[in-house]
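K.L.:
If it helps, the file is called model-v8.txt and holds compact mmCIF, C-alpha atoms (C1' of nucleotides):
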# COMPACT_ATOMS: atom_id res chain seq x y z
CA MET W 21 0.00 0.00 0.00
CA ALA W 22 2.60 2.55 1.05
CA GLY W 23 5.15 1.40 -1.52
CA GLN W 24 3.24 2.46 -4.56
CA VAL W 25 2.51 5.83 -3.14
CA GLN W 26 6.14 6.52 -2.47
CA LEU W 27 7.30 5.51 -5.91
CA GLN W 28 4.76 7.84 -7.33
CA ALA W 29 5.97 10.67 -5.20
CA GLN W 30 9.55 10.10 -6.24
CA HIS W 31 8.67 10.20 -9.88
CA LEU W 32 6.90 13.47 -9.52
CA GLU W 33 9.69 14.95 -7.53
CA LEU W 34 12.35 13.94 -10.00
CA LEU W 35 10.54 15.47 -12.92
CA PRO W 36 8.72 18.44 -11.51
CA LEU W 37 9.30 20.69 -14.51
CA ASP W 38 8.12 18.17 -17.02
CA ALA W 39 5.02 17.11 -15.21
CA GLU W 40 2.82 19.82 -16.57
CA THR W 41 4.40 20.14 -19.98
CA LYS W 42 4.09 16.49 -20.76
CA ALA W 43 0.56 16.19 -19.53
CA HIS W 44 -0.80 15.72 -23.00
CA GLU W 45 1.65 13.18 -24.34
CA THR W 46 2.05 11.07 -21.24
CA PRO W 47 -1.08 11.57 -19.21
CA GLU W 48 -0.41 11.72 -15.53
CA ASP W 49 -0.94 8.71 -13.41
CA HIS W 50 -3.95 9.17 -11.19
CA ARG W 51 -4.11 5.68 -9.83
CA ASP W 52 -3.75 6.81 -6.26
CA GLU W 53 -6.71 9.12 -6.46
CA LEU W 54 -8.67 6.33 -8.05
CA ARG W 55 -7.82 3.99 -5.22
CA LEU W 56 -8.74 6.66 -2.74
CA TRP W 57 -12.11 7.08 -4.41
CA LEU W 58 -12.77 3.36 -4.48
CA ARG W 59 -11.94 3.09 -0.82
CA LEU W 60 -14.24 5.96 0.02
CA LEU W 61 -16.97 4.32 -1.99
CA THR W 62 -16.42 0.98 -0.32
CA CYS W 63 -16.74 2.49 3.15
CA THR W 64 -19.94 4.26 2.25
CA THR W 65 -21.47 1.25 0.53
CA LEU W 66 -20.57 -1.00 3.42
CA ILE W 67 -22.03 1.25 6.07
CA GLU W 68 -25.06 2.19 4.03
CA GLY W 69 -25.88 -1.43 3.32
CA GLU W 70 -25.74 -2.32 6.98
CA ILE W 71 -27.93 0.61 7.97
CA ARG W 72 -30.40 -0.29 5.27
CA LYS W 73 -30.58 -3.85 6.52
CA LYS W 74 -31.00 -2.91 10.16
CA LEU W 75 -33.69 -0.36 9.40
CA ARG W 76 -35.59 -2.96 7.46
CA ASP W 77 -35.13 -5.75 9.99
CA GLU W 78 -35.87 -3.75 13.10
CA PHE W 79 -38.26 -1.07 11.94
CA ASP W 80 -39.48 -2.26 8.57
CA VAL W 81 -38.57 1.03 6.98
CA THR W 82 -36.45 1.87 3.94
CA LEU W 83 -33.36 4.01 4.08
CA PRO W 84 -34.73 6.73 1.78
CA ARG W 85 -37.79 7.06 3.99
CA PHE W 86 -35.57 7.34 7.06
CA ASP W 87 -33.35 9.91 5.37
CA LEU W 88 -36.32 12.02 4.43
CA MET W 89 -37.73 11.91 7.94
CA ALA W 90 -34.29 12.82 9.28
CA GLN W 91 -34.31 15.98 7.22
CA LEU W 92 -37.76 16.93 8.37
CA ASP W 93 -37.00 16.27 12.01
CA LYS W 94 -34.53 19.13 11.82
CA ALA W 95 -37.23 21.49 10.55
CA PRO W 96 -40.17 21.63 12.96
CA ASP W 97 -42.06 23.98 10.67
CA GLY W 98 -41.51 21.86 7.62
CA MET W 99 -39.61 22.43 4.42
CA THR W 100 -40.41 22.80 0.78
CA LEU W 101 -39.68 19.92 -1.53
CA SER W 102 -36.93 21.88 -3.24
CA GLU W 103 -35.24 22.52 0.04
CA VAL W 104 -35.36 18.86 0.99
CA SER W 105 -34.22 17.79 -2.43
CA LYS W 106 -31.21 20.09 -2.24
CA ARG W 107 -30.24 18.80 1.18
CA MET W 108 -30.71 15.17 0.34
CA MET W 109 -28.98 15.64 -2.99
CA VAL W 110 -31.67 13.77 -4.86
CA SER W 111 -33.84 14.82 -7.77
CA ASN W 112 -37.15 16.56 -7.33
CA GLY W 113 -39.02 13.85 -9.14
CA ASN W 114 -37.64 11.33 -6.73
CA LEU W 115 -39.15 13.10 -3.77
CA THR W 116 -42.62 13.26 -5.23
CA GLY W 117 -43.15 9.53 -4.89
CA LEU W 118 -41.29 9.19 -1.63
CA VAL W 119 -43.40 11.90 -0.02
CA GLU W 120 -46.56 10.42 -1.46
CA ARG W 121 -45.92 7.11 0.26
CA LEU W 122 -45.02 8.69 3.58
CA VAL W 123 -48.12 10.88 3.52
CA GLU W 124 -50.15 7.80 2.72
CA SER W 125 -48.71 5.97 5.74
CA GLY W 126 -49.45 8.91 8.01
CA HIS W 127 -45.86 9.94 8.70
CA LEU W 128 -45.89 13.19 6.77
CA ASP W 129 -48.11 16.19 6.34
CA ARG W 130 -48.14 18.07 3.11
CA ARG W 131 -49.61 21.46 2.34
CA THR W 132 -49.25 24.14 -0.26
CA SER W 133 -47.11 27.05 0.87
CA GLU W 134 -49.15 30.08 1.83
CA THR W 135 -46.69 32.46 0.26
CA ASP W 136 -45.97 30.54 -2.91
CA ARG W 137 -48.63 28.42 -4.47
CA ARG W 138 -46.05 26.49 -6.48
CA ALA W 139 -44.34 25.18 -3.38
CA GLN W 140 -45.32 22.19 -1.29
CA VAL W 141 -44.36 22.28 2.37
CA ILE W 142 -43.93 18.93 4.06
CA SER W 143 -43.47 18.16 7.72
CA LEU W 144 -43.50 15.23 10.12
CA THR W 145 -46.76 14.26 11.76
CA ASP W 146 -46.70 13.41 15.44
CA LEU W 147 -46.64 9.77 14.48
CA GLY W 148 -43.82 10.36 12.02
CA ARG W 149 -41.79 12.28 14.55
CA ALA W 150 -42.28 9.71 17.27
CA GLU W 151 -41.31 6.83 15.03
CA PHE W 152 -38.36 8.71 13.65
CA ARG W 153 -36.99 9.54 17.09
CA THR W 154 -37.11 5.90 18.08
CA MET W 155 -35.34 4.84 14.94
CA ALA W 156 -32.83 7.65 15.10
CA SER W 157 -31.74 6.62 18.52
CA ALA W 158 -30.97 3.09 17.37
CA HIS W 159 -29.43 4.42 14.19
CA GLU W 160 -26.98 6.55 16.12
CA GLY W 161 -25.79 3.50 18.00
CA TRP W 162 -25.28 1.49 14.82
CA ILE W 163 -23.21 4.23 13.28
CA ALA W 164 -21.12 4.60 16.42
CA ALA W 165 -20.42 0.88 16.38
CA MET W 166 -19.25 1.07 12.77
CA PHE W 167 -16.72 3.76 13.54
CA GLY W 168 -15.90 2.21 16.88
CA ASP W 169 -12.34 1.21 16.09
CA LEU W 170 -11.25 4.75 15.34
CA SER W 171 -9.66 6.72 18.15
CA ARG W 172 -10.88 10.18 18.95
CA ARG W 173 -7.84 11.57 17.21
CA GLU W 174 -8.46 9.50 14.10
CA SER W 175 -12.09 10.52 13.94
CA ASP W 176 -11.09 14.14 14.14
CA ASP W 177 -8.50 13.73 11.41
CA LEU W 178 -10.96 11.90 9.20
CA MET W 179 -13.57 14.57 9.79
CA ARG W 180 -11.13 17.26 8.78
CA LEU W 181 -9.91 15.41 5.71
CA LEU W 182 -13.44 14.73 4.55
CA ALA W 183 -14.29 18.38 4.99
CA LYS W 184 -11.40 19.22 2.73
CA THR W 185 -12.41 16.53 0.27
CA LYS W 186 -15.91 17.91 0.16
CA LEU W 187 -14.62 21.37 -0.66
CA SER W 188 -12.26 19.99 -3.25
CA ALA W 189 -14.99 18.02 -4.96
CA ARG W 190 -17.34 20.98 -4.87
CA ARG W 191 -14.71 23.16 -6.48
CA ALA W 192 -14.20 20.56 -9.19
CA VAL W 193 -17.93 20.31 -9.79
CA HIS W 194 -19.04 23.90 -9.55
CA GLY W 195 -15.66 25.53 -9.99
CA SER W 196 -16.42 27.92 -12.83
CA GLU W 197 -19.97 28.71 -11.87
CA ALA W 198 -21.38 31.73 -10.17
CA MET N 18 -29.91 20.39 18.81
CA ALA N 19 -26.37 21.64 19.51
CA GLY N 20 -27.11 22.41 23.11
CA GLN N 21 -27.99 18.88 23.91
CA VAL N 22 -24.73 17.60 22.53
CA GLN N 23 -22.65 19.81 24.73
CA LEU N 24 -24.53 18.95 27.87
CA GLN N 25 -24.10 15.31 27.12
CA ALA N 26 -20.38 15.66 26.45
CA GLN N 27 -19.84 17.49 29.72
CA HIS N 28 -21.67 14.84 31.56
CA LEU N 29 -19.43 12.14 30.18
CA GLU N 30 -16.28 14.00 30.98
CA LEU N 31 -17.27 14.72 34.53
CA LEU N 32 -18.24 11.15 35.21
CA PRO N 33 -15.84 9.01 33.20
CA LEU N 34 -16.05 6.05 35.53
CA ASP N 35 -19.78 5.95 35.34
CA ALA N 36 -19.96 6.11 31.60
CA GLU N 37 -20.17 2.42 31.04
CA THR N 38 -22.23 1.58 34.06
CA LYS N 39 -24.83 4.14 33.25
CA ALA N 40 -24.97 3.31 29.55
CA HIS N 41 -28.48 2.03 29.87
CA GLU N 42 -29.96 4.94 31.74
CA THR N 43 -28.12 7.74 29.92
CA PRO N 44 -27.22 6.46 26.49
CA GLU N 45 -23.89 7.72 25.24
CA ASP N 46 -23.65 10.60 22.89
CA HIS N 47 -22.68 9.48 19.41
CA ARG N 48 -23.29 12.68 17.61
CA ASP N 49 -19.71 13.00 16.41
CA GLU N 50 -19.80 9.64 14.74
CA LEU N 51 -23.08 10.60 13.15
CA ARG N 52 -21.57 13.78 11.75
CA LEU N 53 -18.61 11.81 10.51
CA TRP N 54 -20.92 9.41 8.72
CA LEU N 55 -22.95 12.19 7.16
CA ARG N 56 -19.81 13.86 5.92
CA LEU N 57 -18.56 10.63 4.43
CA LEU N 58 -21.89 10.14 2.75
CA THR N 59 -21.91 13.67 1.40
CA CYS N 60 -18.49 13.25 -0.16
CA THR N 61 -19.47 10.02 -1.82
CA THR N 62 -22.80 11.31 -3.07
CA LEU N 63 -21.20 14.45 -4.43
CA ILE N 64 -18.48 12.64 -6.32
CA GLU N 65 -20.73 9.85 -7.48
CA GLY N 66 -23.28 12.29 -8.83
CA GLU N 67 -20.67 14.13 -10.82
CA ILE N 68 -19.22 10.94 -12.26
CA ARG N 69 -22.69 9.77 -13.16
CA LYS N 70 -23.40 13.01 -14.97
CA LYS N 71 -20.14 13.06 -16.87
CA LEU N 72 -20.48 9.44 -17.95
CA ARG N 73 -23.93 10.15 -19.27
CA ASP N 74 -23.03 13.43 -20.98
CA GLU N 75 -19.78 12.31 -22.56
CA PHE N 76 -20.28 8.62 -23.16
CA ASP N 77 -23.99 8.06 -22.81
CA VAL N 78 -23.43 5.29 -20.31
CA THR N 79 -24.81 4.73 -16.83
CA LEU N 80 -22.64 4.42 -13.74
CA PRO N 81 -23.70 0.85 -12.94
CA ARG N 82 -22.76 -0.23 -16.46
CA PHE N 83 -19.39 1.46 -16.10
CA ASP N 84 -18.80 -0.13 -12.72
CA LEU N 85 -19.58 -3.56 -14.05
CA MET N 86 -17.24 -3.12 -16.99
CA ALA N 87 -14.55 -1.89 -14.61
CA GLN N 88 -14.75 -5.12 -12.67
CA LEU N 89 -14.53 -7.20 -15.81
CA ASP N 90 -11.61 -5.24 -17.20
CA LYS N 91 -9.59 -6.52 -14.27
CA ALA N 92 -10.41 -10.13 -15.15
CA PRO N 93 -9.37 -10.95 -18.73
CA ASP N 94 -10.77 -14.45 -18.43
CA GLY N 95 -14.08 -13.31 -17.07
CA MET N 96 -15.77 -13.79 -13.74
CA THR N 97 -18.84 -15.54 -12.46
CA LEU N 98 -21.84 -13.46 -11.53
CA SER N 99 -21.38 -14.28 -7.86
CA GLU N 100 -17.83 -13.07 -7.97
CA VAL N 101 -18.83 -9.81 -9.58
CA SER N 102 -21.75 -9.36 -7.24
CA LYS N 103 -19.49 -9.80 -4.23
CA ARG N 104 -16.98 -7.28 -5.52
CA MET N 105 -19.54 -4.72 -6.52
CA MET N 106 -21.46 -5.26 -3.30
CA VAL N 107 -24.77 -5.49 -5.09
CA SER N 108 -27.37 -8.23 -5.08
CA ASN N 109 -27.29 -11.12 -7.51
CA GLY N 110 -30.66 -10.27 -8.92
CA ASN N 111 -29.42 -6.83 -9.73
CA LEU N 112 -26.69 -8.15 -11.95
CA THR N 113 -28.99 -10.36 -13.99
CA GLY N 114 -30.66 -7.38 -15.63
CA LEU N 115 -27.52 -5.29 -15.87
CA VAL N 116 -25.64 -8.08 -17.62
CA GLU N 117 -28.58 -8.74 -19.90
CA ARG N 118 -28.53 -5.19 -21.19
CA LEU N 119 -24.76 -5.14 -21.67
CA VAL N 120 -24.81 -8.43 -23.54
CA GLU N 121 -27.61 -7.06 -25.68
CA SER N 122 -25.52 -3.98 -26.55
CA GLY N 123 -22.53 -6.13 -27.43
CA HIS N 124 -20.28 -5.09 -24.58
CA LEU N 125 -20.32 -8.38 -22.68
CA ASP N 126 -20.02 -12.05 -23.43
CA ARG N 127 -21.75 -14.57 -21.28
CA ARG N 128 -21.29 -18.31 -21.12
CA THR N 129 -22.02 -21.13 -18.75
CA SER N 130 -19.01 -22.22 -16.75
CA GLU N 131 -17.47 -25.45 -17.99
CA THR N 132 -16.75 -26.68 -14.51
CA ASP N 133 -20.01 -25.67 -12.85
CA ARG N 134 -23.17 -25.64 -14.85
CA ARG N 135 -24.88 -23.38 -12.32
CA ALA N 136 -22.43 -20.57 -12.89
CA GLN N 137 -22.46 -17.93 -15.60
CA VAL N 138 -19.11 -16.50 -16.63
CA ILE N 139 -19.17 -13.03 -18.10
CA SER N 140 -16.39 -11.10 -19.76
CA LEU N 141 -15.84 -7.98 -21.84
CA THR N 142 -16.04 -8.25 -25.61
CA ASP N 143 -13.41 -6.43 -27.65
CA LEU N 144 -15.90 -3.65 -28.14
CA GLY N 145 -16.68 -3.53 -24.46
CA ARG N 146 -13.03 -3.45 -23.52
CA ALA N 147 -12.19 -0.75 -26.02
CA GLU N 148 -15.05 1.46 -24.94
CA PHE N 149 -14.30 0.89 -21.31
CA ARG N 150 -10.63 1.83 -21.66
CA THR N 151 -11.58 5.10 -23.30
CA MET N 152 -14.06 5.92 -20.59
CA ALA N 153 -11.76 4.79 -17.81
CA SER N 154 -9.08 7.16 -18.94
CA ALA N 155 -11.42 10.13 -18.75
CA HIS N 156 -12.87 8.84 -15.51
CA GLU N 157 -9.46 8.75 -13.89
CA GLY N 158 -8.97 12.39 -14.72
CA TRP N 159 -12.33 13.40 -13.29
CA ILE N 160 -11.58 11.64 -10.05
CA ALA N 161 -8.16 13.19 -9.81
CA ALA N 162 -9.69 16.64 -10.29
CA MET N 163 -12.16 15.97 -7.52
CA PHE N 164 -9.41 15.16 -5.02
CA GLY N 165 -7.15 17.80 -6.49
CA ASP N 166 -7.04 20.08 -3.46
CA LEU N 167 -5.63 17.42 -1.17
CA SER N 168 -1.88 17.35 -0.73
CA ARG N 169 0.00 14.12 -1.14
CA ARG N 170 0.26 13.88 2.61
CA GLU N 171 -3.46 14.42 3.07
CA SER N 172 -4.33 11.81 0.48
CA ASP N 173 -2.13 9.32 2.23
CA ASP N 174 -3.69 10.09 5.58
CA LEU N 175 -7.17 9.83 4.18
CA MET N 176 -6.33 6.55 2.52
CA ARG N 177 -5.05 5.15 5.78
CA LEU N 178 -8.02 6.38 7.80
CA LEU N 179 -10.47 4.97 5.32
CA ALA N 180 -8.69 1.64 5.45
CA LYS N 181 -9.17 1.66 9.17
CA THR N 182 -12.78 2.73 8.82
CA LYS N 183 -13.40 -0.10 6.42
CA LEU N 184 -12.01 -2.62 8.87
CA SER N 185 -13.97 -1.09 11.70
CA ALA N 186 -17.21 -1.23 9.78
CA ARG N 187 -16.54 -4.78 8.67
CA ARG N 188 -15.94 -5.82 12.24
CA ALA N 189 -19.20 -4.18 13.29
CA VAL N 190 -21.07 -5.90 10.48
CA HIS N 191 -19.57 -9.36 10.52
CA GLY N 192 -18.06 -9.25 13.97
CA SER N 193 -19.47 -12.43 15.45
CA GLU N 194 -19.49 -14.47 12.28
CA ALA N 195 -17.12 -17.13 11.10
C1' DA V 5 -51.02 45.23 -17.05
C1' DG V 6 -48.72 41.77 -19.17
C1' DC V 7 -44.66 39.53 -21.47
C1' DG V 8 -40.80 36.58 -20.61
C1' DG V 9 -37.67 34.23 -17.90
C1' DA V 10 -36.99 31.76 -13.71
C1' DT V 11 -38.53 28.57 -10.15
C1' DA V 12 -41.35 24.55 -7.92
C1' DT V 13 -43.31 20.53 -8.75
C1' DT V 14 -45.27 16.55 -11.28
C1' DT V 15 -45.32 13.17 -14.79
C1' DG V 16 -43.49 9.53 -17.71
C1' DA V 17 -40.18 6.33 -19.37
C1' DA V 18 -36.28 3.77 -18.47
C1' DG V 19 -33.32 1.75 -15.67
C1' DC V 20 -31.46 0.43 -11.06
C1' DT V 21 -31.92 -1.98 -6.65
C1' DT V 22 -33.40 -4.88 -3.16
C1' DA V 23 -35.45 -8.87 -0.72
C1' DA V 24 -37.56 -13.06 -0.99
C1' DA V 25 -39.05 -17.06 -3.37
C1' DA V 26 -38.16 -20.33 -6.98
C1' DT V 27 -35.10 -23.21 -9.83
C1' DA V 28 -31.15 -25.79 -10.81
C1' DA V 29 -26.70 -27.85 -9.98
C1' DT V 30 -23.09 -29.09 -6.84
C1' DT V 31 -21.13 -30.75 -2.59
C1' DT V 32 -21.30 -33.07 1.80
C1' DC V 33 -22.00 -36.67 4.52
C1' DC V 34 -23.76 -40.87 5.74
C1' DG X 8 -25.37 -44.06 -4.13
C1' DG X 9 -28.52 -40.84 -2.46
C1' DA X 10 -30.65 -37.54 0.89
C1' DA X 11 -29.77 -33.10 2.65
C1' DA X 12 -27.51 -28.90 2.78
C1' DT X 13 -25.20 -25.48 0.11
C1' DT X 14 -24.35 -22.54 -3.70
C1' DA X 15 -25.41 -19.95 -8.27
C1' DT X 16 -28.65 -17.79 -10.64
C1' DT X 17 -33.23 -16.08 -12.10
C1' DT X 18 -37.63 -14.34 -11.21
C1' DT X 19 -41.00 -11.34 -9.14
C1' DA X 20 -42.88 -7.45 -6.78
C1' DA X 21 -42.11 -3.23 -4.84
C1' DG X 22 -39.77 0.67 -4.43
C1' DC X 23 -36.04 3.98 -5.65
C1' DT X 24 -33.76 7.05 -8.92
C1' DT X 25 -32.70 9.76 -12.75
C1' DC X 26 -33.54 12.73 -16.71
C1' DA X 27 -36.35 15.25 -19.58
C1' DA X 28 -40.64 17.20 -20.70
C1' DA X 29 -44.82 19.32 -19.10
C1' DT X 30 -47.44 22.31 -15.91
C1' DA X 31 -48.19 25.92 -12.87
C1' DT X 32 -46.77 29.90 -10.49
C1' DC X 33 -43.97 33.71 -9.45
C1' DC X 34 -40.89 37.64 -10.33
C1' DG X 35 -38.78 41.35 -12.95
C1' DC X 36 -39.20 44.49 -16.48
C1' DT X 37 -41.28 47.62 -19.58
Translate the structure of the given file into structure tokens.
P.N.:
Amino acid sequence: MAGQVQLQAQHLELLPLDAETKAHETPEDHRDELRLWLRLLTCTTLIEGEIRKKLRDEFDVTLPRFDLMAQLDKAPDGMTLSEVSKRMMVSNGNLTGLVERLVESGHLDRRTSETDRRAQVISLTDLGRAEFRTMASAHEGWIAAMFGDLSRRESDDLMRLLAKTKLSARRAVHGSEA
Amino acid sequence: MAGQVQLQAQHLELLPLDAETKAHETPEDHRDELRLWLRLLTCTTLIEGEIRKKLRDEFDVTLPRFDLMAQLDKAPDGMTLSEVSKRMMVSNGNLTGLVERLVESGHLDRRTSETDRRAQVISLTDLGRAEFRTMASAHEGWIAAMFGDLSRRESDDLMRLLAKTKLSARRAVHGSEA
DNA sequence: AGCGGATATTTGAAGCTTAAAATAATTTCC
DNA sequence: GGAAATTATTTTAAGCTTCAAATATCCGCT
């Protein structure tokens, strides 16, 4: 693991002036970043899969439903669909159906905004909030168990590095936009 | 929401010896781990969404198709569905349809294993391999750009911490199993 | 007032994904 | 050799997800 990284670093250090110039002819090696991405993805997939399974087994609820309720729990007065969709990073169309099913099951309320007749404001019902709180409590424990082998120091470092990664990715995605 | 966290943290620090004993009455605060998880998830979702978009815009291919081809590119002699499903961490049933569509489009070959008539071995066709290599090259650049703001040192640290996270999560998931 | 662009949401089509049940072939163990 | 357990895959039903097009409303501008 460490060996490859170091070789890479040496190469770059030995040819610093050529690195940029030669970019077109001999494309740079980005294998390390690729491995980093795959590892990030593996961690997420692993944890997400376990949470999904536990939510289903213990509460008979899907992860998307839980995620939506989690967003709404943070907004006692409700949120518009757009707002939720931005926070959850999912498409608007996706939410339409998800909300429909949760309204149907009595977990969500939905009303047209009083100030903007285009907007739908959704919020947790008492039932929805109660059920969410129960699930959230268990959820928090599951997550803690998953990260349990990391020391306080390591968690802090990881937190910081992920914050930086998030900014870096955002810059790459929205870099040239207003 | 923030207030509660701080109260909880103070409590734990003032009564370190009681922390475990009282776990049942005053459940531990796992908010940091939760924030860590959400940040991890955000990074993944952000990067994944961008990759998905670029693959669609530039190559008119979906991310799952690309991921499947990526697995097969690493196995010149092909792999069984089970093997692929394990590596991609998706269900078997999921692959059936995905493979079907890629065979249909001429990117994959599929044959029954000669040593085990239950197993299907799939592999990239020449077309599939050629198209994948082109896409993979671009893909590598996109990923590199996304992690571009991290120094070599930070990438290494992140890599190491994610390796540890992966192990930790695996232990939590499969801990008591053979 | 009303035109035109922007914003909020829904709809529709296609594809992805899962869990659980069904099918088929292999392996294990008497 | 054969029953039983295991493994590989497919099928089915339900739900999730995206993108793009359609609808409705709002906002800014003249």
K.L.:
Go through N:Arg69, N:Arg188, N:Arg56, N:Arg150 one by one, measure the shortest atom-to-atom distance of each to chain X using only C-alpha atoms (C1' of nucleotides), and give the residue with the smallest value.
P.N.:
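Comparing N:Arg69, N:Arg188, N:Arg56, N:Arg150 against chain X, the winner is N:Arg69.
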K.L.:
Looking at all atoms listed in the file, which of W:Asp177, W:Asp136, W:Asp97, W:Glu70 is the one that sits closest to chain V?
P.N.:
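With all atoms listed in the file as the atom set, the closest residue is W:Asp136.
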K.L.:
Can you state the RMSD, in Å, between chain N and chain W once they are superposed by least squares on every Cα paired in order?
P.N.:
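For chain W versus chain N, the C-alpha RMSD is 2.2 Å.
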K.L.:
Which chain V residues are at most 10 Å from chain N (counting only C-alpha atoms (C1' of nucleotides)), as an MDAnalysis selection string?
P.N.:
chainID V and resid 19:23 28:30
K.L.:
Calculate how many Å separate CA of Met155 (chain W) from CA of Trp54 (chain N), rounding to one decimal.
P.N.:
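It comes out at 16.4 Å.
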K.L.:
Out of N:Asp126, N:Glu100, N:Glu131, N:Asp166, which residue has the shortest atom-to-atom distance to chain X when counting only C-alpha atoms (C1' of nucleotides)?
P.N.:
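Ranking N:Asp126, N:Glu100, N:Glu131, N:Asp166 by distance to chain X, first place goes to N:Glu100.
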K.L.:
Around all the atoms of region 16-32 of chain V listed in the file, with 4 Å of room on each side, what axis-aligned box do you get, giving centre and edge lengths in Å to one decimal, as lines of an AutoDock Vina configuration file?
P.N.:
center_x = -32.3
center_y = -11.8
center_z = -8.8
size_x = 30.4
size_y = 50.6
size_z = 29.2
K.L.:
Should the cut-off be 10 Å, what would the residue list for chain X against chain W look like, counting only C-alpha atoms (C1' of nucleotides), as a PyMOL selection string?
P.N.:
chain X and resi 22-26+31-33
K.L.:
Quick one: which residues from chain N are at most 6 Å off chain W, using all atoms listed in the file, as a list in words?
P.N.:
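On the chain N side, the interface is His47, Glu50, Leu53, Cys60, Ala161, Met163, Phe164, Asp166, Met176, Lys183, Ser185, Ala186 and Ala189 of chain N.
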K.L.:
Give me the residues within 9 Å of Val141 (chain W) as a ChimeraX atom specification, counting all atoms listed in the file and dropping any in the same chain fewer than 5 places off.
P.N.:
/W:97-101,129-133
K.L.:
Between CA of Leu75 (chain W) and CA of Ala156 (chain W), what is the distance in Å, rounded to a tenth?
P.N.:
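Interatomic distance, CA of Leu75 (chain W) to CA of Ala156 (chain W): 9.9 Å.
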K.L.:
Reconstruct N, CA and C atoms of region 108-119 of chain N from the incomplete input and present them as an mmCIF file, keeping the file's coordinate frame.
P.N.:
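Now in out22.cif:
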data_model
loop_
_atom_site.group_PDB
_atom_site.id
_atom_site.type_symbol
_atom_site.label_atom_id
_atom_site.label_comp_id
_atom_site.auth_asym_id
_atom_site.auth_seq_id
_atom_site.Cartn_x
_atom_site.Cartn_y
_atom_site.Cartn_z
ATOM 1 N N SER N 108 -26.702 -6.943 -5.130
ATOM 2 C CA SER N 108 -27.370 -8.230 -5.080
ATOM 3 C C SER N 108 -27.211 -8.992 -6.393
ATOM 4 N N ASN N 109 -27.373 -10.283 -6.315
ATOM 5 C CA ASN N 109 -27.290 -11.120 -7.510
ATOM 6 C C ASN N 109 -28.357 -10.732 -8.525
ATOM 7 N N GLY N 110 -29.553 -10.577 -8.026
ATOM 8 C CA GLY N 110 -30.660 -10.270 -8.920
ATOM 9 C C GLY N 110 -30.432 -8.992 -9.697
ATOM 10 N N ASN N 111 -29.728 -8.086 -9.070
ATOM 11 C CA ASN N 111 -29.420 -6.830 -9.730
ATOM 12 C C ASN N 111 -28.586 -7.056 -10.979
ATOM 13 N N LEU N 112 -27.599 -7.906 -10.839
ATOM 14 C CA LEU N 112 -26.690 -8.150 -11.950
ATOM 15 C C LEU N 112 -27.377 -8.788 -13.149
ATOM 16 N N THR N 113 -28.319 -9.665 -12.890
ATOM 17 C CA THR N 113 -28.990 -10.360 -13.990
ATOM 18 C C THR N 113 -29.441 -9.379 -15.078
ATOM 19 N N GLY N 114 -30.155 -8.347 -14.657
ATOM 20 C CA GLY N 114 -30.660 -7.380 -15.630
ATOM 21 C C GLY N 114 -29.564 -6.531 -16.243
ATOM 22 N N LEU N 115 -28.621 -6.136 -15.408
ATOM 23 C CA LEU N 115 -27.520 -5.290 -15.870
ATOM 24 C C LEU N 115 -26.723 -6.011 -16.949
ATOM 25 N N VAL N 116 -26.408 -7.266 -16.672
ATOM 26 C CA VAL N 116 -25.640 -8.080 -17.620
ATOM 27 C C VAL N 116 -26.439 -8.268 -18.909
ATOM 28 N N GLU N 117 -27.707 -8.544 -18.750
ATOM 29 C CA GLU N 117 -28.580 -8.740 -19.900
ATOM 30 C C GLU N 117 -28.468 -7.575 -20.887
ATOM 31 N N ARG N 118 -28.558 -6.371 -20.323
ATOM 32 C CA ARG N 118 -28.530 -5.190 -21.190
ATOM 33 C C ARG N 118 -27.159 -4.990 -21.838
ATOM 34 N N LEU N 119 -26.101 -5.325 -21.111
ATOM 35 C CA LEU N 119 -24.760 -5.140 -21.670
ATOM 36 C C LEU N 119 -24.397 -6.225 -22.684
#
